[in-house]
>>> print(open('target.cif').read())   # mmCIF, C-alpha atoms and all ligand atoms
data_my_file
loop_
_atom_site.label_atom_id
_atom_site.label_comp_id
_atom_site.auth_asym_id
_atom_site.auth_seq_id
_atom_site.Cartn_x
_atom_site.Cartn_y
_atom_site.Cartn_z
CA MET A 1 10.64 -24.66 1.46
CA GLU A 2 9.08 -24.73 4.91
CA LEU A 3 6.54 -22.49 6.56
CA ALA A 4 9.14 -21.05 8.92
CA ASP A 5 11.21 -19.86 5.92
CA ILE A 6 8.58 -17.36 4.83
CA ARG A 7 9.36 -14.76 7.49
CA ASN A 8 12.98 -14.57 6.30
CA LEU A 9 11.94 -14.24 2.68
CA ILE A 10 10.03 -11.01 3.10
CA SER A 11 11.19 -7.62 4.19
CA ILE A 12 8.62 -5.19 5.54
CA SER A 13 9.52 -1.53 5.50
CA ASP A 14 10.44 0.10 8.83
CA GLY A 15 9.65 -3.00 10.85
CA TYR A 16 5.88 -2.61 10.68
CA ALA A 17 3.65 -5.42 11.91
CA TYR A 18 1.74 -5.91 8.67
CA PHE A 19 -1.89 -7.00 9.08
CA GLN A 20 -3.14 -5.84 5.67
CA THR A 21 -2.71 -8.96 3.52
CA GLY A 22 -6.44 -8.77 2.79
CA GLY A 23 -5.61 -5.58 0.88
CA PHE A 24 -2.23 -6.46 -0.58
CA SER A 25 0.43 -8.75 0.84
CA PRO A 26 4.16 -8.10 0.98
CA LYS A 27 6.08 -10.18 -1.58
CA PRO A 28 8.53 -12.99 -0.79
CA GLN A 29 11.98 -12.76 -2.35
CA PRO A 30 11.55 -15.80 -4.67
CA VAL A 31 8.48 -14.10 -6.18
CA ILE A 32 10.40 -10.86 -6.73
CA ASP A 33 13.34 -12.80 -8.21
CA GLU A 34 11.08 -14.67 -10.62
CA VAL A 35 9.47 -11.47 -11.89
CA VAL A 36 12.87 -9.85 -12.38
CA ARG A 37 14.21 -12.97 -14.12
CA TRP A 38 11.37 -12.91 -16.68
CA LEU A 39 11.56 -9.15 -17.13
CA ARG A 40 15.26 -9.46 -17.94
CA PHE A 41 14.66 -12.42 -20.22
CA GLN A 42 11.88 -10.68 -22.16
CA ALA A 43 13.79 -7.43 -22.37
CA GLN A 44 16.33 -9.13 -24.64
CA GLY A 45 13.79 -9.19 -27.47
CA PRO A 46 10.22 -10.20 -26.59
CA ALA A 47 9.37 -11.06 -30.22
CA LEU A 48 12.34 -13.39 -30.80
CA GLN A 49 11.18 -16.99 -31.06
CA GLN A 50 13.65 -18.15 -28.40
CA ILE A 51 12.10 -15.64 -25.99
CA PHE A 52 8.47 -15.45 -27.11
CA ASN A 53 7.89 -19.24 -27.09
CA PRO A 54 9.20 -20.03 -23.59
CA THR A 55 7.29 -17.02 -22.27
CA ALA A 56 4.05 -18.30 -23.81
CA GLU A 57 4.77 -21.76 -22.36
CA MET A 58 5.39 -20.22 -18.95
CA LEU A 59 1.92 -18.64 -19.04
CA GLU A 60 0.34 -22.05 -19.64
CA THR A 61 2.35 -23.51 -16.74
CA VAL A 62 1.03 -20.78 -14.47
CA ARG A 63 -2.51 -21.43 -15.71
CA ALA A 64 -2.11 -25.11 -14.81
CA GLN A 65 -0.77 -24.15 -11.36
CA VAL A 66 -3.72 -21.82 -10.72
CA ALA A 67 -6.14 -24.49 -11.95
CA ALA A 68 -4.59 -27.07 -9.62
CA ALA A 69 -4.76 -24.65 -6.68
CA VAL A 70 -8.55 -24.23 -7.08
CA HIS A 71 -9.21 -27.79 -8.31
CA ALA A 72 -10.33 -26.81 -11.79
CA SER A 73 -9.22 -27.60 -15.32
CA PRO A 74 -6.76 -25.20 -17.00
CA ASP A 75 -9.41 -24.60 -19.67
CA GLU A 76 -11.62 -23.10 -16.99
CA ILE A 77 -9.04 -20.51 -15.91
CA MET A 78 -8.45 -17.03 -17.28
CA LEU A 79 -5.33 -15.31 -15.97
CA ASN A 80 -5.74 -11.60 -15.39
CA GLU A 81 -4.94 -8.69 -13.09
CA ASN A 82 -7.40 -8.78 -10.19
CA THR A 83 -10.66 -10.01 -8.72
CA THR A 84 -12.67 -7.20 -10.29
CA VAL A 85 -11.85 -8.33 -13.85
CA GLY A 86 -13.86 -11.54 -13.38
CA ILE A 87 -16.78 -9.63 -11.91
CA ASN A 88 -16.84 -7.38 -14.97
CA ILE A 89 -16.66 -10.38 -17.31
CA VAL A 90 -19.82 -11.79 -15.76
CA ALA A 91 -21.54 -8.39 -15.51
CA SER A 92 -20.86 -7.64 -19.17
CA GLY A 93 -21.45 -11.19 -20.40
CA ILE A 94 -25.16 -11.51 -19.70
CA THR A 95 -27.87 -9.88 -21.84
CA TRP A 96 -29.73 -7.94 -19.21
CA GLN A 97 -33.39 -6.97 -19.33
CA PRO A 98 -34.83 -4.13 -17.27
CA GLY A 99 -36.06 -5.56 -13.98
CA ASP A 100 -33.61 -8.49 -13.91
CA ILE A 101 -32.59 -9.11 -10.31
CA VAL A 102 -29.03 -9.64 -9.03
CA ILE A 103 -28.44 -10.65 -5.41
CA LEU A 104 -25.38 -9.14 -3.73
CA SER A 105 -24.69 -9.05 -0.01
CA ASP A 106 -24.44 -6.02 2.23
CA HIS A 107 -20.73 -6.81 2.80
CA GLU A 108 -19.45 -6.59 -0.77
CA HIS A 109 -16.33 -4.65 -1.77
CA PRO A 110 -16.84 -1.71 -4.17
CA GLY A 111 -15.35 -4.00 -6.84
CA ASN A 112 -18.40 -6.28 -6.44
CA ARG A 113 -20.81 -3.37 -6.25
CA ILE A 114 -19.83 -0.79 -8.84
CA PRO A 115 -20.12 -3.14 -11.87
CA TRP A 116 -23.69 -3.98 -10.75
CA TYR A 117 -24.61 -0.41 -9.80
CA ASN A 118 -23.48 0.46 -13.32
CA LEU A 119 -25.92 -2.10 -14.76
CA VAL A 120 -28.72 -0.54 -12.72
CA GLN A 121 -27.95 2.74 -14.48
CA ARG A 122 -27.39 1.24 -17.93
CA PHE A 123 -30.07 -1.45 -18.15
CA GLY A 124 -32.43 -0.95 -15.22
CA ILE A 125 -31.54 -4.18 -13.43
CA GLN A 126 -32.50 -4.38 -9.76
CA LEU A 127 -30.29 -5.29 -6.82
CA ARG A 128 -31.14 -7.13 -3.64
CA PHE A 129 -28.76 -7.26 -0.68
CA LEU A 130 -28.49 -10.41 1.38
CA SER A 131 -27.82 -9.44 5.02
CA MET A 132 -24.58 -11.02 6.13
CA THR A 133 -25.07 -12.58 9.53
CA ASN A 134 -22.98 -15.09 11.43
CA ASP A 135 -26.21 -17.06 11.92
CA GLU A 136 -25.99 -19.42 8.96
CA GLU A 137 -29.56 -20.61 9.22
CA MET A 138 -30.90 -17.06 9.17
CA LEU A 139 -28.71 -16.23 6.18
CA LEU A 140 -30.05 -19.18 4.19
CA VAL A 141 -33.65 -18.39 5.12
CA GLU A 142 -33.20 -14.86 3.79
CA LEU A 143 -31.55 -16.25 0.67
CA ASP A 144 -34.58 -18.49 0.07
CA THR A 145 -36.83 -15.45 0.29
CA LEU A 146 -34.69 -13.59 -2.24
CA LEU A 147 -34.54 -16.61 -4.56
CA ALA A 148 -38.33 -16.71 -4.63
CA GLU A 149 -38.14 -13.44 -6.61
CA LYS A 150 -36.44 -15.36 -9.45
CA PRO A 151 -33.15 -13.45 -9.68
CA ARG A 152 -30.76 -14.12 -12.58
CA LEU A 153 -27.56 -14.19 -10.57
CA ILE A 154 -26.09 -14.23 -7.08
CA ALA A 155 -22.74 -12.43 -6.73
CA VAL A 156 -21.38 -12.70 -3.19
CA SER A 157 -18.08 -13.10 -1.39
CA HIS A 158 -16.75 -16.48 -0.29
CA VAL A 159 -15.28 -14.73 2.76
CA SER A 160 -16.65 -11.38 3.88
CA ARG A 161 -14.02 -8.67 3.96
CA ARG A 162 -16.17 -6.74 6.45
CA SER A 163 -16.61 -9.42 9.11
CA GLY A 164 -14.35 -12.32 8.11
CA LEU A 165 -17.37 -14.63 7.90
CA ARG A 166 -16.80 -17.68 5.69
CA LEU A 167 -20.06 -18.14 3.81
CA PRO A 168 -21.76 -21.54 3.46
CA VAL A 169 -21.11 -21.41 -0.27
CA GLN A 170 -22.02 -25.00 -1.06
CA ALA A 171 -25.46 -24.53 0.46
CA ILE A 172 -25.84 -21.22 -1.38
CA VAL A 173 -24.91 -22.79 -4.72
CA GLU A 174 -27.22 -25.77 -4.19
CA ARG A 175 -30.16 -23.50 -3.40
CA ALA A 176 -29.41 -21.17 -6.32
CA HIS A 177 -29.07 -24.00 -8.82
CA THR A 178 -32.37 -25.50 -7.69
CA HIS A 179 -33.89 -22.22 -8.91
CA SER A 180 -31.65 -22.15 -12.05
CA VAL A 181 -29.85 -19.08 -10.72
CA LEU A 182 -26.17 -18.58 -11.61
CA VAL A 183 -23.61 -18.05 -8.83
CA LEU A 184 -20.51 -15.85 -9.00
CA LEU A 185 -18.29 -16.03 -5.94
CA ASP A 186 -15.82 -13.29 -5.07
CA GLY A 187 -12.79 -15.16 -3.75
CA ALA A 188 -10.59 -12.13 -3.02
CA GLN A 189 -10.47 -12.93 0.72
CA SER A 190 -10.54 -16.71 0.46
CA PHE A 191 -7.95 -17.82 -2.13
CA GLY A 192 -4.84 -18.72 -0.13
CA ALA A 193 -6.52 -18.27 3.28
CA ILE A 194 -8.95 -21.21 3.23
CA PRO A 195 -9.39 -24.27 0.99
CA VAL A 196 -10.95 -23.32 -2.36
CA ASN A 197 -12.21 -26.25 -4.39
CA MET A 198 -14.30 -25.69 -7.50
CA GLN A 199 -15.39 -29.34 -7.59
CA GLU A 200 -16.81 -29.14 -4.09
CA ILE A 201 -18.32 -25.67 -4.29
CA GLY A 202 -19.93 -26.19 -7.67
CA CYS A 203 -20.32 -22.48 -8.46
CA ASP A 204 -20.56 -21.18 -12.01
CA PHE A 205 -17.94 -18.44 -11.70
CA TYR A 206 -15.19 -17.73 -9.18
CA THR A 207 -12.90 -14.73 -9.22
CA PHE A 208 -9.75 -14.08 -7.19
CA SER A 209 -6.56 -12.08 -6.73
CA GLY A 210 -2.94 -13.20 -6.64
CA HIS A 211 -1.75 -10.14 -4.70
CA LYS A 212 -3.50 -10.93 -1.41
CA TYR A 213 -3.15 -14.26 0.45
CA ILE A 214 -1.21 -15.87 -2.41
CA MET A 215 1.49 -13.17 -1.99
CA GLY A 216 1.93 -12.87 -5.74
CA PRO A 217 2.84 -9.64 -7.56
CA GLN A 218 0.48 -6.67 -7.53
CA ALA A 219 -2.09 -6.94 -10.33
CA THR A 220 -2.26 -10.69 -10.70
CA GLY A 221 -5.39 -12.75 -10.44
CA GLY A 222 -7.69 -15.17 -12.15
CA PHE A 223 -11.22 -16.03 -13.12
CA PHE A 224 -12.80 -19.49 -13.11
CA ILE A 225 -15.67 -20.22 -15.46
CA ARG A 226 -17.20 -23.67 -15.27
CA LYS A 227 -16.72 -25.47 -18.58
CA ASP A 228 -20.42 -25.86 -19.24
CA ARG A 229 -21.07 -22.16 -18.56
CA LEU A 230 -18.64 -20.87 -21.17
CA ASN A 231 -21.33 -20.30 -23.77
CA ASP A 232 -23.69 -18.70 -21.22
CA LEU A 233 -21.44 -15.63 -21.07
CA ALA A 234 -20.92 -13.43 -24.09
CA ALA A 235 -17.30 -12.28 -24.31
CA SER A 236 -17.53 -8.50 -24.31
CA TRP A 237 -13.81 -7.67 -24.44
CA VAL A 238 -11.83 -9.77 -26.89
CA GLY A 239 -8.86 -9.35 -29.19
CA SER A 240 -5.73 -10.97 -30.48
CA HIS A 241 -5.23 -14.31 -28.59
CA SER A 242 -9.00 -14.76 -27.88
CA GLN A 243 -9.53 -16.58 -31.15
CA LYS A 244 -9.26 -20.19 -32.17
CA GLU A 245 -9.90 -19.21 -35.79
CA MET A 246 -10.40 -16.00 -37.71
CA ASP A 247 -10.02 -14.67 -41.22
CA MET A 248 -9.74 -11.27 -42.85
CA HIS A 249 -13.48 -11.13 -43.73
CA GLY A 250 -15.17 -11.33 -40.36
CA LYS A 251 -14.95 -15.00 -39.45
CA LEU A 252 -14.34 -15.51 -35.74
CA VAL A 253 -14.35 -18.63 -33.60
CA LEU A 254 -13.34 -17.96 -30.00
CA HIS A 255 -11.29 -20.42 -27.97
CA GLU A 256 -13.43 -23.12 -26.39
CA SER A 257 -11.89 -22.22 -23.03
CA ALA A 258 -11.53 -19.34 -20.60
CA ARG A 259 -8.58 -18.16 -22.72
CA ARG A 260 -11.14 -16.40 -24.93
CA PHE A 261 -11.26 -13.59 -22.35
CA GLU A 262 -7.51 -12.92 -22.65
CA PHE A 263 -6.28 -10.59 -25.34
CA GLY A 264 -3.57 -8.16 -26.35
CA THR A 265 -0.11 -7.66 -24.91
CA ARG A 266 0.09 -8.42 -21.22
CA ASN A 267 2.52 -8.31 -18.33
CA LEU A 268 3.67 -11.92 -18.32
CA ALA A 269 6.58 -11.42 -15.91
CA ASP A 270 4.05 -10.73 -13.17
CA GLN A 271 2.18 -13.90 -14.08
CA ALA A 272 5.47 -15.80 -13.66
CA GLY A 273 5.67 -14.34 -10.16
CA PHE A 274 2.10 -15.51 -9.50
CA GLY A 275 3.16 -19.01 -10.50
CA ARG A 276 6.25 -18.84 -8.29
CA ALA A 277 4.10 -17.88 -5.31
CA LEU A 278 1.82 -20.85 -5.96
CA GLN A 279 4.85 -23.15 -6.22
CA MET A 280 5.96 -21.87 -2.82
CA TRP A 281 2.62 -22.79 -1.24
CA GLU A 282 2.68 -26.18 -2.95
CA GLU A 283 6.11 -26.87 -1.43
CA ILE A 284 5.01 -25.74 2.02
CA GLY A 285 1.70 -27.59 1.72
CA TRP A 286 -1.67 -25.85 1.78
CA SER A 287 -2.78 -27.82 4.83
CA ASN A 288 0.20 -26.40 6.79
CA VAL A 289 -0.72 -22.88 5.72
CA PHE A 290 -4.35 -23.27 6.75
CA ALA A 291 -3.39 -24.93 10.04
CA TRP A 292 -1.06 -21.99 10.80
CA ILE A 293 -3.76 -19.41 10.00
CA LYS A 294 -6.22 -21.32 12.20
CA THR A 295 -3.88 -21.41 15.20
CA TYR A 296 -2.78 -17.77 14.87
CA THR A 297 -6.30 -16.37 14.45
CA ASP A 298 -7.67 -18.61 17.24
CA GLN A 299 -5.06 -17.15 19.61
CA LEU A 300 -5.60 -13.61 18.38
CA LYS A 301 -9.36 -13.84 18.84
CA GLN A 302 -9.01 -15.21 22.36
CA ALA A 303 -6.56 -12.46 23.29
CA LEU A 304 -8.78 -9.74 21.79
CA LEU A 305 -11.74 -11.01 23.79
CA THR A 306 -9.88 -10.25 27.03
CA ILE A 307 -9.81 -6.51 26.19
CA PRO A 308 -12.61 -4.79 28.12
CA GLY A 309 -15.52 -3.72 25.91
CA LEU A 310 -14.05 -5.10 22.70
CA VAL A 311 -16.66 -6.70 20.42
CA LEU A 312 -15.41 -9.43 18.10
CA GLU A 313 -17.40 -9.45 14.87
CA THR A 314 -15.75 -12.48 13.26
CA PRO A 315 -17.04 -15.97 14.10
CA LEU A 316 -14.74 -17.76 16.55
CA PRO A 317 -14.06 -21.02 14.69
CA TYR A 318 -11.70 -20.93 11.71
CA SER A 319 -14.17 -23.26 9.95
CA LYS A 320 -16.54 -20.26 9.80
CA SER A 321 -13.89 -17.64 9.12
CA SER A 322 -10.42 -17.27 7.53
CA GLY A 323 -7.33 -15.13 8.21
CA THR A 324 -9.50 -12.06 8.75
CA VAL A 325 -10.36 -10.86 12.26
CA VAL A 326 -12.72 -7.89 12.64
CA PHE A 327 -13.61 -6.13 15.90
CA HIS A 328 -14.87 -2.84 17.26
CA ILE A 329 -14.66 -1.01 20.53
CA PRO A 330 -17.76 1.03 21.35
CA ASP A 331 -17.11 4.80 21.39
CA LEU A 332 -13.67 4.42 19.80
CA PRO A 333 -13.67 5.41 16.11
CA ALA A 334 -11.83 2.98 13.86
CA GLU A 335 -9.79 5.79 12.31
CA HIS A 336 -8.47 6.72 15.75
CA ILE A 337 -7.47 3.13 16.57
CA ALA A 338 -5.83 2.55 13.18
CA HIS A 339 -3.98 5.87 13.31
CA GLN A 340 -2.68 5.27 16.84
CA LEU A 341 -1.55 1.75 16.01
CA TYR A 342 0.25 2.99 12.92
CA GLU A 343 1.98 5.95 14.55
CA GLU A 344 2.67 4.66 18.05
CA ASP A 345 3.07 0.94 17.56
CA ARG A 346 4.07 0.53 13.91
CA VAL A 347 1.17 -1.79 13.33
CA LEU A 348 -0.80 -1.68 10.08
CA VAL A 349 -4.47 -2.67 10.30
CA SER A 350 -7.29 -1.52 8.05
CA THR A 351 -10.54 0.37 8.38
CA LEU A 352 -13.57 -0.30 6.19
CA GLU A 353 -15.43 2.10 3.93
CA PHE A 354 -18.84 3.26 5.24
CA ASN A 355 -18.12 1.66 8.60
CA PRO A 356 -16.71 4.15 11.12
CA ARG A 357 -16.14 1.69 13.95
CA SER A 358 -14.69 -1.63 12.78
CA ILE A 359 -11.04 -2.61 12.46
CA ARG A 360 -9.90 -5.43 10.22
CA ILE A 361 -6.80 -7.50 10.89
CA SER A 362 -5.62 -9.82 8.11
CA ALA A 363 -3.19 -12.36 9.52
CA HIS A 364 -0.92 -14.48 7.35
CA VAL A 365 1.92 -16.93 7.88
CA PHE A 366 4.64 -14.25 8.00
CA ASN A 367 3.05 -12.53 11.01
CA THR A 368 4.92 -13.29 14.22
CA SER A 369 3.89 -13.62 17.84
CA GLU A 370 5.75 -10.34 18.39
CA ASP A 371 3.46 -8.71 15.78
CA ALA A 372 0.41 -9.98 17.68
CA GLU A 373 1.89 -8.80 20.98
CA ARG A 374 2.47 -5.32 19.59
CA LEU A 375 -1.05 -5.18 18.18
CA LEU A 376 -2.66 -6.27 21.44
CA THR A 377 -0.52 -4.01 23.65
CA GLY A 378 -1.38 -1.11 21.36
CA ILE A 379 -5.11 -1.75 21.52
CA GLN A 380 -4.96 -2.13 25.31
CA ARG A 381 -3.15 1.21 25.61
CA ILE A 382 -5.67 2.97 23.35
CA VAL A 383 -8.57 1.57 25.40
CA GLN A 384 -6.91 2.67 28.68
CA GLN A 385 -6.23 6.19 27.33
CA GLN A 386 -9.88 6.43 26.30
CA GLY A 387 -10.97 5.21 29.78
CA ALA A 388 -8.77 7.87 31.45
CA LYS A 389 -10.41 10.59 29.38
CA LEU A 390 -13.96 9.60 30.40
C1 LIG B 1 -13.96 -9.12 -1.27
C2 LIG B 1 -13.18 -8.29 -2.23
N1 LIG B 1 -13.55 -8.23 -3.51
C3 LIG B 1 -12.85 -7.54 -4.41
C4 LIG B 1 -11.73 -6.85 -4.06
C5 LIG B 1 -10.98 -6.10 -5.11
O1 LIG B 1 -9.84 -6.81 -5.41
P1 LIG B 1 -8.95 -6.46 -6.69
O2 LIG B 1 -8.33 -5.15 -6.43
O3 LIG B 1 -7.99 -7.59 -6.78
O4 LIG B 1 -9.89 -6.42 -7.86
C6 LIG B 1 -11.29 -6.87 -2.74
C7 LIG B 1 -10.08 -6.14 -2.34
O5 LIG B 1 -9.76 -5.98 -1.20
C8 LIG B 1 -12.04 -7.61 -1.80
O6 LIG B 1 -11.67 -7.67 -0.53
#
>>> encode(input="target.cif", output="structure tokens", more="lines below")
Ligand SMILES: Cc1ncc(COP(=O)(O)O)c(C=O)c1O
Amino acid sequence: MELADIRNLISISDGYAYFQTGGFSPKPQPVIDEVVRWLRFQAQGPALQQIFNPTAEMLETVRAQVAAAVHASPDEIMLNENTTVGINIVASGITWQPGDIVILSDHEHPGNRIPWYNLVQRFGIQLRFLSMTNDEEMLLVELDTLLAEKPRLIAVSHVSRRSGLRLPVQAIVERAHTHSVLVLLDGAQSFGAIPVNMQEIGCDFYTFSGHKYIMGPQATGGFFIRKDRLNDLAASWVGSHSQKEMDMHGKLVLHESARRFEFGTRNLADQAGFGRALQMWEEIGWSNVFAWIKTYTDQLKQALLTIPGLVLETPLPYSKSSGTVVFHIPDLPAEHIAHQLYEEDRVLVSTLEFNPRSIRISAHVFNTSEDAERLLTGIQRIVQQQGAKL
């Protein structure tokens, strides 16, 4: 499969220009076909050996594919439904004391806020918020100040969903580990959009979705736990499949791998689709995907900057960003821009909670130059209409 094939493998309703992959991506036909194939297969008797066994083997193949994609060992990968699962595993796996400090950033998604806010209410932990700034040096200086308070954990995004900033995660991990502080990275906006390498980053935990830049089925995702951190997290939710050994009298030995967090009956057809999506990217070549995203977002940013008054919030170089491009136009509410683009131009962009002015564009390899043209023409028209009213 080649990069150019992707556009023909997806079908977007009503011809919309779809810039919301950071929320959920559309799904390529091979992914849909794979899910349907496994659904049909399982439906013939999920408990029959000739169906159960290949399905279980398929799950391990997907685990190996996910592990390869993030440069980890399969034993370090839990397969699950979304980014937020991994955040909850960490949040519920540490024995918290009142006053323990967790560092978040001021750009985190509710999924990387609510589990921690909940711990504030349940156990009296305290939160600190690192100010996301495109000035890397300033960000690291503030981090040093926060680390001096001896927090237990840092839980921040690899790529900010609110500005598109790619964080200097290696530097963050190095600093945190010098202070014996654990690091959980939220990879929802990075996995599939930029290189993600657990060996290079060195973080303790990494959590990600399959339904965004990977273009896998809705409700697929994974959680990486570094091998030597496995016993630092208590497993709060466990059940059938979590165990290596058990008996009928209370004996329990959990798997010596991230599989211990998986339990019960699960939707394995969707996981097959996740694997198919990863196979697609393997065939195309990750470097081709990243090169495409770089070129497209470079061009988009340059074009946006020619619109009078528009303020680009995302750093210009791809090396400091990803597929996300965020901007605002003073005096033009984000809701107005997004609504106009949707209704008049058939362009889907997104707004951000608690931020009335910024618009987020998530570009991916299926977006065309015609999509970009429609987006830019729409924004220009909205700006002109606003100018005429003043
Ligand atoms: C940075 C970030 N974290 C977490 C999430 C939640 O993802 P999920 O629904 O896969 O848990 C999102 C979703 O957009 C996100 O952007």
>>> residues_around(input="target.cif", residues="Phe290 in chain A", least_positions_apart="5", cutoff="12 Å", atoms="all atoms listed in the file", output="ChimeraX atom specification")
/A:3,190-196,213,281,284-285,295-298,318-319,321-323,363-365
>>> atom_distance(input="target.cif", atom1="CA of Lys251 in chain A", atom2="CA of Ile94 in chain A")
22.5 Å
>>> residues_near_ligand(input="target.cif", ligand="ligand LIG 1 (chain B)", cutoff="7 Å", atoms="all atoms listed in the file", output="ChimeraX atom specification")
/A:22-23,82-85,108-109,111-112,157,160-161,186-189,208-209,219,221
>>> closest_residue(input="target.cif", among="A:Thr314, A:Gln380, A:Ser236, A:Gln126", to="Lys301 in chain A", atoms="all atoms listed in the file")
A:Thr314
>>> residues_around(input="target.cif", residues="Gly216 in chain A", least_positions_apart="4", cutoff="9 Å", atoms="only C-alpha atoms", output="PyMOL selection string")
chain A and resi 25-28+31-32+209-212+220-221+270-271+273-278
>>> residues_around(input="target.cif", residues="Asn88 in chain A", least_positions_apart="2", cutoff="12 Å", atoms="all atoms listed in the file", output="PyMOL selection string")
chain A and resi 80+82-86+90-94+111-119+155+184+186+205-207+223+233-237+261
>>> closest_residue(input="target.cif", among="A:Val159, A:Ala334, A:Leu341, A:Met246", to="Glu353 in chain A", atoms="all atoms listed in the file")
A:Ala334
>>> residues_around(input="target.cif", residues="range 147-153 of chain A", least_positions_apart="5", cutoff="9 Å", atoms="only C-alpha atoms", output="list in words")
Asp100, Ile101, Val102, Ile103, Leu104, Arg128, Glu142, Arg175, Ala176, His179, Ser180, Val181, Leu182, Val183 and Leu184 of chain A
>>> residues_around(input="target.cif", residues="Leu375 in chain A", least_positions_apart="2", cutoff="9 Å", atoms="all atoms listed in the file", output="PyMOL selection string")
chain A and resi 17+341+345-349+370-373+377-380
>>> closest_residue(input="target.cif", among="A:Leu310, A:Ile87, A:Leu185, A:Leu316", to="Asn197 in chain A", atoms="all atoms listed in the file")
A:Leu185
>>> atom_distance(input="target.cif", atom1="CA of Leu139 in chain A", atom2="CA of Thr306 in chain A")
28.7 Å
>>> atom_distance(input="target.cif", atom1="CA of Glu136 in chain A", atom2="CA of Ile172 in chain A")
10.5 Å
>>> residues_near_point(input="target.cif", point="(-6.4, 3.0, 25.3)", cutoff="12 Å", atoms="only C-alpha atoms", output="PyMOL selection string")
chain A and resi 307-310+329+331-333+336-337+340-341+344+376-390
>>> closest_residue(input="target.cif", among="A:Ala68, A:Arg122, A:Ala47, A:Gly239", to="Trp286 in chain A", atoms="only C-alpha atoms")
A:Ala68
>>> axis_aligned_box(input="target.cif", around="range 291-304 of chain A", padding_each_side="4 Å", output="AutoDock Vina command-line options")
--center_x -5.2 --center_y -17.3 --center_z 16.6 --size_x 16.3 --size_y 23.2 --size_z 21.3
>>> closest_residue(input="target.cif", among="A:Ala338, A:Val238, A:Leu59, A:Ala272", to="Leu254 in chain A", atoms="all atoms listed in the file")
A:Val238
>>> closest_residue(input="target.cif", among="A:Val253, A:Val325, A:Met138, A:Leu48", to="Ile293 in chain A", atoms="only C-alpha atoms")
A:Val325
>>> decode(input="target.cif", residues="range 264-274 of chain A", atoms="N, CA, C and O atoms", output="PDB file, in the first residue's frame")
ATOM      1  N   GLY A 264     -11.581 -10.173  31.648  1.00  0.00           N
ATOM      2  CA  GLY A 264     -12.971 -10.299  31.200  1.00  0.00           C
ATOM      3  C   GLY A 264     -13.103 -10.445  29.685  1.00  0.00           C
ATOM      4  O   GLY A 264     -12.123 -10.548  28.950  1.00  0.00           O
ATOM      5  N   THR A 265     -14.330 -10.449  29.235  1.00  0.00           N
ATOM      6  CA  THR A 265     -14.625 -10.601  27.806  1.00  0.00           C
ATOM      7  C   THR A 265     -14.497  -9.254  27.122  1.00  0.00           C
ATOM      8  O   THR A 265     -15.003  -8.253  27.636  1.00  0.00           O
ATOM      9  N   ARG A 266     -13.805  -9.238  26.001  1.00  0.00           N
ATOM     10  CA  ARG A 266     -13.517  -7.953  25.363  1.00  0.00           C
ATOM     11  C   ARG A 266     -13.854  -7.988  23.879  1.00  0.00           C
ATOM     12  O   ARG A 266     -14.041  -9.060  23.305  1.00  0.00           O
ATOM     13  N   ASN A 267     -13.893  -6.805  23.290  1.00  0.00           N
ATOM     14  CA  ASN A 267     -14.206  -6.721  21.864  1.00  0.00           C
ATOM     15  C   ASN A 267     -12.931  -6.928  21.046  1.00  0.00           C
ATOM     16  O   ASN A 267     -12.192  -5.985  20.762  1.00  0.00           O
ATOM     17  N   LEU A 268     -12.666  -8.153  20.674  1.00  0.00           N
ATOM     18  CA  LEU A 268     -11.407  -8.473  20.001  1.00  0.00           C
ATOM     19  C   LEU A 268     -11.441  -8.163  18.510  1.00  0.00           C
ATOM     20  O   LEU A 268     -10.396  -7.958  17.897  1.00  0.00           O
ATOM     21  N   ALA A 269     -12.622  -8.087  17.922  1.00  0.00           N
ATOM     22  CA  ALA A 269     -12.704  -7.733  16.499  1.00  0.00           C
ATOM     23  C   ALA A 269     -12.148  -6.320  16.290  1.00  0.00           C
ATOM     24  O   ALA A 269     -11.439  -6.051  15.316  1.00  0.00           O
ATOM     25  N   ASP A 270     -12.454  -5.433  17.225  1.00  0.00           N
ATOM     26  CA  ASP A 270     -11.924  -4.072  17.107  1.00  0.00           C
ATOM     27  C   ASP A 270     -10.401  -4.067  17.226  1.00  0.00           C
ATOM     28  O   ASP A 270      -9.712  -3.297  16.544  1.00  0.00           O
ATOM     29  N   GLN A 271      -9.889  -4.927  18.112  1.00  0.00           N
ATOM     30  CA  GLN A 271      -8.424  -4.988  18.242  1.00  0.00           C
ATOM     31  C   GLN A 271      -7.802  -5.486  16.928  1.00  0.00           C
ATOM     32  O   GLN A 271      -6.716  -5.038  16.545  1.00  0.00           O
ATOM     33  N   ALA A 272      -8.491  -6.390  16.246  1.00  0.00           N
ATOM     34  CA  ALA A 272      -7.990  -6.851  14.938  1.00  0.00           C
ATOM     35  C   ALA A 272      -7.911  -5.674  13.966  1.00  0.00           C
ATOM     36  O   ALA A 272      -6.962  -5.546  13.187  1.00  0.00           O
ATOM     37  N   GLY A 273      -8.911  -4.802  14.029  1.00  0.00           N
ATOM     38  CA  GLY A 273      -8.906  -3.605  13.180  1.00  0.00           C
ATOM     39  C   GLY A 273      -7.755  -2.669  13.528  1.00  0.00           C
ATOM     40  O   GLY A 273      -7.148  -2.048  12.644  1.00  0.00           O
ATOM     41  N   PHE A 274      -7.445  -2.583  14.815  1.00  0.00           N
ATOM     42  CA  PHE A 274      -6.312  -1.773  15.287  1.00  0.00           C
ATOM     43  C   PHE A 274      -5.025  -2.322  14.654  1.00  0.00           C
ATOM     44  O   PHE A 274      -4.201  -1.576  14.104  1.00  0.00           O
TER      45      PHE A 274
END
